[in-house]
file upload-v3.cif (mmCIF, C-alpha atoms)
data_my_file
loop_
_atom_site.group_PDB
_atom_site.id
_atom_site.type_symbol
_atom_site.label_atom_id
_atom_site.label_comp_id
_atom_site.auth_asym_id
_atom_site.auth_seq_id
_atom_site.Cartn_x
_atom_site.Cartn_y
_atom_site.Cartn_z
ATOM 1 C CA MET O 1404 75.565 -11.444 -17.341
ATOM 2 C CA SER O 1405 78.989 -13.030 -17.731
ATOM 3 C CA THR O 1406 81.943 -13.110 -20.121
ATOM 4 C CA ARG O 1407 84.647 -15.671 -20.834
ATOM 5 C CA ILE O 1408 87.739 -14.875 -18.779
ATOM 6 C CA ASP O 1409 90.121 -15.003 -21.756
ATOM 7 C CA LYS O 1410 87.970 -12.460 -23.642
ATOM 8 C CA TRP O 1411 87.739 -10.235 -20.568
ATOM 9 C CA LEU O 1412 91.532 -10.291 -19.970
ATOM 10 C CA TRP O 1413 92.068 -9.321 -23.605
ATOM 11 C CA ALA O 1414 89.425 -6.565 -23.456
ATOM 12 C CA ALA O 1415 90.932 -5.226 -20.196
ATOM 13 C CA ARG O 1416 94.318 -5.077 -21.982
ATOM 14 C CA PHE O 1417 96.253 -7.432 -19.718
ATOM 15 C CA PHE O 1418 97.275 -9.387 -22.838
ATOM 16 C CA LYS O 1419 97.816 -8.199 -26.412
ATOM 17 C CA THR O 1420 96.007 -11.144 -27.992
ATOM 18 C CA ARG O 1421 93.267 -13.497 -26.930
ATOM 19 C CA THR O 1422 95.618 -16.387 -27.649
ATOM 20 C CA GLN O 1423 98.058 -15.052 -25.053
ATOM 21 C CA ALA O 1424 95.229 -14.712 -22.528
ATOM 22 C CA THR O 1425 94.129 -18.284 -23.216
ATOM 23 C CA ARG O 1426 97.701 -19.556 -22.838
ATOM 24 C CA ALA O 1427 98.098 -17.706 -19.521
ATOM 25 C CA CYS O 1428 94.955 -19.395 -18.199
ATOM 26 C CA GLU O 1429 96.199 -22.810 -19.320
ATOM 27 C CA LEU O 1430 99.547 -22.217 -17.553
ATOM 28 C CA SER O 1431 97.762 -21.250 -14.292
ATOM 29 C CA ARG O 1432 98.975 -17.660 -14.471
ATOM 30 C CA VAL O 1433 95.422 -16.488 -13.910
ATOM 31 C CA GLN O 1434 93.435 -17.325 -10.800
ATOM 32 C CA CYS O 1435 89.932 -16.366 -9.780
ATOM 33 C CA ASN O 1436 89.271 -16.241 -6.039
ATOM 34 C CA HIS O 1437 92.526 -18.190 -5.464
ATOM 35 C CA GLN O 1438 91.506 -20.998 -7.845
ATOM 36 C CA PRO O 1439 93.207 -21.686 -11.202
ATOM 37 C CA VAL O 1440 90.851 -21.088 -14.112
ATOM 38 C CA LYS O 1441 90.314 -22.443 -17.585
ATOM 39 C CA PRO O 1442 89.982 -19.976 -20.472
ATOM 40 C CA SER O 1443 86.292 -20.752 -20.906
ATOM 41 C CA ARG O 1444 85.361 -19.921 -17.304
ATOM 42 C CA ASP O 1445 82.919 -17.054 -16.935
ATOM 43 C CA VAL O 1446 84.026 -13.985 -15.030
ATOM 44 C CA HIS O 1447 81.377 -12.196 -12.957
ATOM 45 C CA LEU O 1448 81.133 -8.804 -11.317
ATOM 46 C CA GLY O 1449 82.953 -8.748 -7.972
ATOM 47 C CA ASP O 1450 85.381 -11.579 -8.779
ATOM 48 C CA ARG O 1451 88.931 -11.152 -7.507
ATOM 49 C CA LEU O 1452 91.553 -12.117 -10.092
ATOM 50 C CA GLN O 1453 95.268 -12.754 -9.623
ATOM 51 C CA ILE O 1454 97.121 -12.272 -12.921
ATOM 52 C CA ARG O 1455 100.831 -12.812 -13.658
ATOM 53 C CA THR O 1456 102.163 -11.049 -16.756
ATOM 54 C CA GLU O 1457 105.501 -9.675 -17.903
ATOM 55 C CA GLY O 1458 104.395 -6.386 -16.333
ATOM 56 C CA GLY O 1459 104.145 -7.931 -12.885
ATOM 57 C CA GLU O 1460 101.600 -9.599 -10.672
ATOM 58 C CA PHE O 1461 98.193 -7.955 -10.454
ATOM 59 C CA GLU O 1462 95.415 -8.561 -7.943
ATOM 60 C CA ILE O 1463 92.244 -6.917 -9.164
ATOM 61 C CA ASP O 1464 88.524 -6.731 -8.529
ATOM 62 C CA VAL O 1465 86.207 -6.956 -11.552
ATOM 63 C CA LEU O 1466 83.968 -3.866 -11.787
ATOM 64 C CA ALA O 1467 82.486 -4.248 -15.275
ATOM 65 C CA LEU O 1468 82.243 -6.832 -18.047
ATOM 66 C CA SER O 1469 83.197 -6.449 -21.676
ATOM 67 C CA ASP O 1470 84.204 -8.746 -24.507
ATOM 68 C CA LEU O 1471 85.133 -5.912 -26.882
ATOM 69 C CA ARG O 1472 88.613 -4.410 -26.829
ATOM 70 C CA GLY O 1473 88.452 -0.639 -26.667
ATOM 71 C CA PRO O 1474 90.750 2.234 -25.742
ATOM 72 C CA ALA O 1475 93.013 1.922 -22.703
ATOM 73 C CA ALA O 1476 90.997 4.530 -20.807
ATOM 74 C CA VAL O 1477 87.865 2.390 -21.175
ATOM 75 C CA ALA O 1478 89.737 -0.817 -20.327
ATOM 76 C CA GLN O 1479 90.909 0.655 -17.001
ATOM 77 C CA THR O 1480 87.295 1.152 -15.931
ATOM 78 C CA LEU O 1481 86.685 -2.620 -16.084
ATOM 79 C CA TYR O 1482 88.717 -3.344 -12.942
ATOM 80 C CA ARG O 1483 90.234 -1.860 -9.783
ATOM 81 C CA GLU O 1484 93.686 -2.950 -8.634
ATOM 82 C CA THR O 1485 94.051 -3.576 -4.898
ATOM 83 C CA ASP O 1486 96.335 -1.300 -2.889
ATOM 84 C CA ALA O 1487 98.514 -4.245 -1.800
ATOM 85 C CA SER O 1488 99.035 -5.276 -5.421
ATOM 86 C CA ARG O 1489 99.915 -1.733 -6.489
ATOM 87 C CA GLU O 1490 102.424 -1.427 -3.631
ATOM 88 C CA ALA O 1491 104.027 -4.810 -4.410
ATOM 89 C CA ARG O 1492 104.479 -3.871 -8.089
ATOM 90 C CA ARG O 1493 105.984 -0.507 -7.074
ATOM 91 C CA LYS O 1494 108.502 -2.240 -4.766
ATOM 92 C CA ALA O 1495 109.432 -4.744 -7.487
ATOM 93 C CA ALA O 1496 110.047 -1.874 -9.936
ATOM 94 C CA GLU O 1497 112.268 -0.103 -7.392
ATOM 95 C CA GLU O 1498 114.266 -3.300 -6.837
ATOM 96 C CA ARG O 1499 114.792 -3.682 -10.595
ATOM 97 C CA ARG O 1500 115.969 -0.065 -10.807
ATOM 98 C CA ALA O 1501 118.340 -0.552 -7.861
ATOM 99 C CA LEU O 1502 119.743 -3.714 -9.433
ATOM 100 C CA MET O 1503 120.678 -1.720 -12.542
ATOM 101 C CA HIS O 1504 123.079 0.346 -10.394
ATOM 102 C CA PHE O 1505 124.935 -2.789 -9.286
ATOM 103 C CA THR O 1506 125.258 -4.293 -12.743
ATOM 104 C CA PRO O 1507 125.329 -1.425 -15.209
ATOM 105 C CA ALA O 1508 125.106 -2.046 -18.920
ATOM 106 C CA PRO O 1509 128.442 -2.020 -20.765
ATOM 107 C CA THR O 1510 129.371 1.315 -22.298
ATOM 108 C CA THR O 1511 130.589 -0.173 -25.594
ATOM 109 C CA ARG O 1512 129.873 -3.205 -27.721
ATOM 110 C CA PRO O 1513 132.055 -6.253 -27.064
ATOM 111 C CA SER O 1514 135.056 -6.636 -29.321
ATOM 112 C CA LYS O 1515 135.611 -9.743 -31.404
ATOM 113 C CA ARG O 1516 137.960 -11.040 -28.697
ATOM 114 C CA ASP O 1517 135.331 -10.368 -25.999
ATOM 115 C CA ARG O 1518 132.642 -12.192 -28.023
ATOM 116 C CA ARG O 1519 134.920 -15.219 -28.392
ATOM 117 C CA ARG O 1520 135.544 -15.250 -24.645
ATOM 118 C CA LEU O 1521 131.813 -14.986 -23.945
ATOM 119 C CA SER O 1522 131.062 -17.850 -26.312
ATOM 120 C CA GLN O 1523 133.807 -19.948 -24.744
ATOM 121 C CA PHE O 1524 132.510 -19.152 -21.255
ATOM 122 C CA ARG O 1525 128.951 -20.137 -22.238
ATOM 123 C CA GLY O 1526 130.208 -23.441 -23.625
ATOM 124 C CA ARG O 1527 129.553 -22.717 -27.274
ATOM 125 C CA ALA O 1528 132.016 -23.534 -30.017
#

call {"tool": "encode", "arguments": {"input": "upload-v3.cif", "output": "structure tokens"}}
result
Amino acid sequence: MSTRIDKWLWAARFFKTRTQATRACELSRVQCNHQPVKPSRDVHLGDRLQIRTEGGEFEIDVLALSDLRGPAAVAQTLYRETDASREARRKAAEERRALMHFTPAPTTRPSKRDRRRLSQFRGRA
């Protein structure tokens, strides 16, 4: 048994829509066994997928197949993330948190004068 990879990515909740999953495949953000895939490629049990999303880079093993989107608890049973992938995403999250300490968000909104200076700096009229 097999399922289209774009349907499986949508059912496993890596992407909110099937269109987004298809687009990710077309942009080579999804690889199967270190090979770029087309959206119509079938995914099989035991395949290793590398997926790049806004949430990070995932390296997973396919444990079950589904083309129906269900609850998140069910979707998590479709795959197992590798330990190396989990550790890399944790380190990336820590780096993002540490970066926030170096460039904190402004405490107040910019004044009209500040907005003009920002626009001038960015080269806008």

call {"tool": "closest_residue", "arguments": {"input": "upload-v3.cif", "among": "O:His1437, O:Arg1500, O:Arg1416, O:Arg1518", "to": "Tyr1482 (chain O)", "atoms": "all atoms listed in the file"}}
result
O:Arg1416

call {"tool": "residues_around", "arguments": {"input": "upload-v3.cif", "residues": "Met1404 (chain O)", "least_positions_apart": "3", "cutoff": "12 Å", "atoms": "all atoms listed in the file", "output": "ChimeraX atom specification"}}
result
/O:1407,1445-1448,1467-1470

call {"tool": "atom_distance", "arguments": {"input": "upload-v3.cif", "atom1": "CA of Lys1441 (chain O)", "atom2": "CA of Arg1492 (chain O)"}}
result
25.2 Å

call {"tool": "residues_near_point", "arguments": {"input": "upload-v3.cif", "point": "(100.2, -7.5, -13.3)", "cutoff": "12 Å", "atoms": "all atoms listed in the file", "output": "VMD selection string"}}
result
chain O and resid 1412 1415 to 1418 1432 to 1433 1452 to 1463 1483 to 1485 1488 to 1493 1495 to 1496

call {"tool": "atom_distance", "arguments": {"input": "upload-v3.cif", "atom1": "CA of Asp1464 (chain O)", "atom2": "CA of Arg1444 (chain O)"}}
result
16.2 Å

call {"tool": "build_atoms", "arguments": {"input": "upload-v3.cif", "residues": "region 1409-1420 of chain O", "atoms": "all heavy atoms", "output": "PDB file, keeping the file's coordinate frame"}}
result
ATOM      1  N   ASP O1409      89.071 -15.353 -20.790  1.00  0.00           N
ATOM      2  CA  ASP O1409      90.121 -15.003 -21.756  1.00  0.00           C
ATOM      3  C   ASP O1409      89.725 -13.771 -22.564  1.00  0.00           C
ATOM      4  O   ASP O1409      90.562 -12.902 -22.830  1.00  0.00           O
ATOM      5  CB  ASP O1409      90.471 -16.189 -22.652  1.00  0.00           C
ATOM      6  CG  ASP O1409      89.310 -16.709 -23.470  1.00  0.00           C
ATOM      7  OD1 ASP O1409      88.149 -16.384 -23.134  1.00  0.00           O
ATOM      8  OD2 ASP O1409      89.552 -17.442 -24.440  1.00  0.00           O
ATOM      9  N   LYS O1410      88.443 -13.651 -22.924  1.00  0.00           N
ATOM     10  CA  LYS O1410      87.970 -12.460 -23.642  1.00  0.00           C
ATOM     11  C   LYS O1410      88.069 -11.225 -22.753  1.00  0.00           C
ATOM     12  O   LYS O1410      88.455 -10.146 -23.203  1.00  0.00           O
ATOM     13  CB  LYS O1410      86.515 -12.632 -24.088  1.00  0.00           C
ATOM     14  CG  LYS O1410      86.341 -13.372 -25.367  1.00  0.00           C
ATOM     15  CD  LYS O1410      84.880 -13.273 -25.783  1.00  0.00           C
ATOM     16  CE  LYS O1410      84.639 -14.000 -27.072  1.00  0.00           C
ATOM     17  NZ  LYS O1410      83.257 -13.887 -27.521  1.00  0.00           N
ATOM     18  N   TRP O1411      87.710 -11.372 -21.478  1.00  0.00           N
ATOM     19  CA  TRP O1411      87.739 -10.235 -20.568  1.00  0.00           C
ATOM     20  C   TRP O1411      89.173  -9.749 -20.345  1.00  0.00           C
ATOM     21  O   TRP O1411      89.429  -8.539 -20.342  1.00  0.00           O
ATOM     22  CB  TRP O1411      87.085 -10.601 -19.229  1.00  0.00           C
ATOM     23  CG  TRP O1411      86.923  -9.407 -18.352  1.00  0.00           C
ATOM     24  CD1 TRP O1411      85.873  -8.545 -18.330  1.00  0.00           C
ATOM     25  CD2 TRP O1411      87.864  -8.926 -17.395  1.00  0.00           C
ATOM     26  NE1 TRP O1411      86.114  -7.556 -17.412  1.00  0.00           N
ATOM     27  CE2 TRP O1411      87.311  -7.766 -16.824  1.00  0.00           C
ATOM     28  CE3 TRP O1411      89.107  -9.359 -16.962  1.00  0.00           C
ATOM     29  CZ2 TRP O1411      87.969  -7.030 -15.838  1.00  0.00           C
ATOM     30  CZ3 TRP O1411      89.772  -8.625 -15.996  1.00  0.00           C
ATOM     31  CH2 TRP O1411      89.204  -7.480 -15.439  1.00  0.00           C
ATOM     32  N   LEU O1412      90.127 -10.676 -20.160  1.00  0.00           N
ATOM     33  CA  LEU O1412      91.532 -10.291 -19.970  1.00  0.00           C
ATOM     34  C   LEU O1412      92.074  -9.556 -21.187  1.00  0.00           C
ATOM     35  O   LEU O1412      92.842  -8.597 -21.061  1.00  0.00           O
ATOM     36  CB  LEU O1412      92.379 -11.534 -19.680  1.00  0.00           C
ATOM     37  CG  LEU O1412      92.144 -12.191 -18.331  1.00  0.00           C
ATOM     38  CD1 LEU O1412      92.820 -13.559 -18.295  1.00  0.00           C
ATOM     39  CD2 LEU O1412      92.645 -11.313 -17.207  1.00  0.00           C
ATOM     40  N   TRP O1413      91.658  -9.984 -22.367  1.00  0.00           N
ATOM     41  CA  TRP O1413      92.068  -9.321 -23.605  1.00  0.00           C
ATOM     42  C   TRP O1413      91.420  -7.934 -23.704  1.00  0.00           C
ATOM     43  O   TRP O1413      92.082  -6.955 -24.025  1.00  0.00           O
ATOM     44  CB  TRP O1413      91.685 -10.210 -24.789  1.00  0.00           C
ATOM     45  CG  TRP O1413      91.797  -9.574 -26.122  1.00  0.00           C
ATOM     46  CD1 TRP O1413      92.935  -9.285 -26.800  1.00  0.00           C
ATOM     47  CD2 TRP O1413      90.715  -9.157 -26.952  1.00  0.00           C
ATOM     48  NE1 TRP O1413      92.627  -8.712 -28.015  1.00  0.00           N
ATOM     49  CE2 TRP O1413      91.269  -8.627 -28.123  1.00  0.00           C
ATOM     50  CE3 TRP O1413      89.334  -9.189 -26.809  1.00  0.00           C
ATOM     51  CZ2 TRP O1413      90.488  -8.123 -29.148  1.00  0.00           C
ATOM     52  CZ3 TRP O1413      88.564  -8.687 -27.841  1.00  0.00           C
ATOM     53  CH2 TRP O1413      89.142  -8.168 -28.992  1.00  0.00           C
ATOM     54  N   ALA O1414      90.134  -7.844 -23.380  1.00  0.00           N
ATOM     55  CA  ALA O1414      89.425  -6.565 -23.456  1.00  0.00           C
ATOM     56  C   ALA O1414      89.956  -5.579 -22.411  1.00  0.00           C
ATOM     57  O   ALA O1414      90.007  -4.377 -22.666  1.00  0.00           O
ATOM     58  CB  ALA O1414      87.927  -6.779 -23.258  1.00  0.00           C
ATOM     59  N   ALA O1415      90.391  -6.085 -21.257  1.00  0.00           N
ATOM     60  CA  ALA O1415      90.932  -5.226 -20.196  1.00  0.00           C
ATOM     61  C   ALA O1415      92.402  -4.895 -20.429  1.00  0.00           C
ATOM     62  O   ALA O1415      93.026  -4.231 -19.608  1.00  0.00           O
ATOM     63  CB  ALA O1415      90.759  -5.901 -18.837  1.00  0.00           C
ATOM     64  N   ARG O1416      92.952  -5.389 -21.533  1.00  0.00           N
ATOM     65  CA  ARG O1416      94.318  -5.077 -21.982  1.00  0.00           C
ATOM     66  C   ARG O1416      95.419  -5.615 -21.067  1.00  0.00           C
ATOM     67  O   ARG O1416      96.475  -5.023 -20.934  1.00  0.00           O
ATOM     68  CB  ARG O1416      94.484  -3.579 -22.187  1.00  0.00           C
ATOM     69  CG  ARG O1416      93.642  -3.082 -23.344  1.00  0.00           C
ATOM     70  CD  ARG O1416      93.915  -1.619 -23.614  1.00  0.00           C
ATOM     71  NE  ARG O1416      93.294  -1.223 -24.859  1.00  0.00           N
ATOM     72  CZ  ARG O1416      93.953  -1.092 -26.005  1.00  0.00           C
ATOM     73  NH1 ARG O1416      95.219  -1.301 -26.065  1.00  0.00           N
ATOM     74  NH2 ARG O1416      93.306  -0.739 -27.087  1.00  0.00           N
ATOM     75  N   PHE O1417      95.179  -6.764 -20.446  1.00  0.00           N
ATOM     76  CA  PHE O1417      96.253  -7.432 -19.718  1.00  0.00           C
ATOM     77  C   PHE O1417      97.129  -8.225 -20.681  1.00  0.00           C
ATOM     78  O   PHE O1417      98.296  -8.470 -20.400  1.00  0.00           O
ATOM     79  CB  PHE O1417      95.691  -8.357 -18.632  1.00  0.00           C
ATOM     80  CG  PHE O1417      95.225  -7.599 -17.430  1.00  0.00           C
ATOM     81  CD1 PHE O1417      93.889  -7.325 -17.236  1.00  0.00           C
ATOM     82  CD2 PHE O1417      96.137  -7.128 -16.506  1.00  0.00           C
ATOM     83  CE1 PHE O1417      93.461  -6.616 -16.144  1.00  0.00           C
ATOM     84  CE2 PHE O1417      95.723  -6.417 -15.407  1.00  0.00           C
ATOM     85  CZ  PHE O1417      94.378  -6.158 -15.225  1.00  0.00           C
ATOM     86  N   PHE O1418      96.548  -8.644 -21.813  1.00  0.00           N
ATOM     87  CA  PHE O1418      97.275  -9.387 -22.838  1.00  0.00           C
ATOM     88  C   PHE O1418      96.979  -8.778 -24.196  1.00  0.00           C
ATOM     89  O   PHE O1418      95.878  -8.289 -24.435  1.00  0.00           O
ATOM     90  CB  PHE O1418      96.874 -10.863 -22.820  1.00  0.00           C
ATOM     91  CG  PHE O1418      97.207 -11.543 -21.521  1.00  0.00           C
ATOM     92  CD1 PHE O1418      96.247 -11.702 -20.539  1.00  0.00           C
ATOM     93  CD2 PHE O1418      98.488 -12.001 -21.275  1.00  0.00           C
ATOM     94  CE1 PHE O1418      96.549 -12.308 -19.335  1.00  0.00           C
ATOM     95  CE2 PHE O1418      98.802 -12.608 -20.080  1.00  0.00           C
ATOM     96  CZ  PHE O1418      97.833 -12.760 -19.104  1.00  0.00           C
ATOM     97  N   LYS O1419      97.967  -8.819 -25.087  1.00  0.00           N
ATOM     98  CA  LYS O1419      97.816  -8.199 -26.412  1.00  0.00           C
ATOM     99  C   LYS O1419      96.886  -8.994 -27.316  1.00  0.00           C
ATOM    100  O   LYS O1419      96.223  -8.431 -28.174  1.00  0.00           O
ATOM    101  CB  LYS O1419      99.174  -8.050 -27.093  1.00  0.00           C
ATOM    102  CG  LYS O1419     100.023  -6.976 -26.472  1.00  0.00           C
ATOM    103  CD  LYS O1419     101.284  -6.788 -27.256  1.00  0.00           C
ATOM    104  CE  LYS O1419     102.119  -5.679 -26.646  1.00  0.00           C
ATOM    105  NZ  LYS O1419     103.305  -5.399 -27.435  1.00  0.00           N
ATOM    106  N   THR O1420      96.876 -10.317 -27.157  1.00  0.00           N
ATOM    107  CA  THR O1420      96.007 -11.144 -27.992  1.00  0.00           C
ATOM    108  C   THR O1420      95.183 -12.068 -27.116  1.00  0.00           C
ATOM    109  O   THR O1420      95.550 -12.360 -25.976  1.00  0.00           O
ATOM    110  CB  THR O1420      96.816 -11.997 -28.992  1.00  0.00           C
ATOM    111  OG1 THR O1420      97.598 -12.934 -28.257  1.00  0.00           O
ATOM    112  CG2 THR O1420      97.713 -11.136 -29.860  1.00  0.00           C
TER     113      THR O1420
END
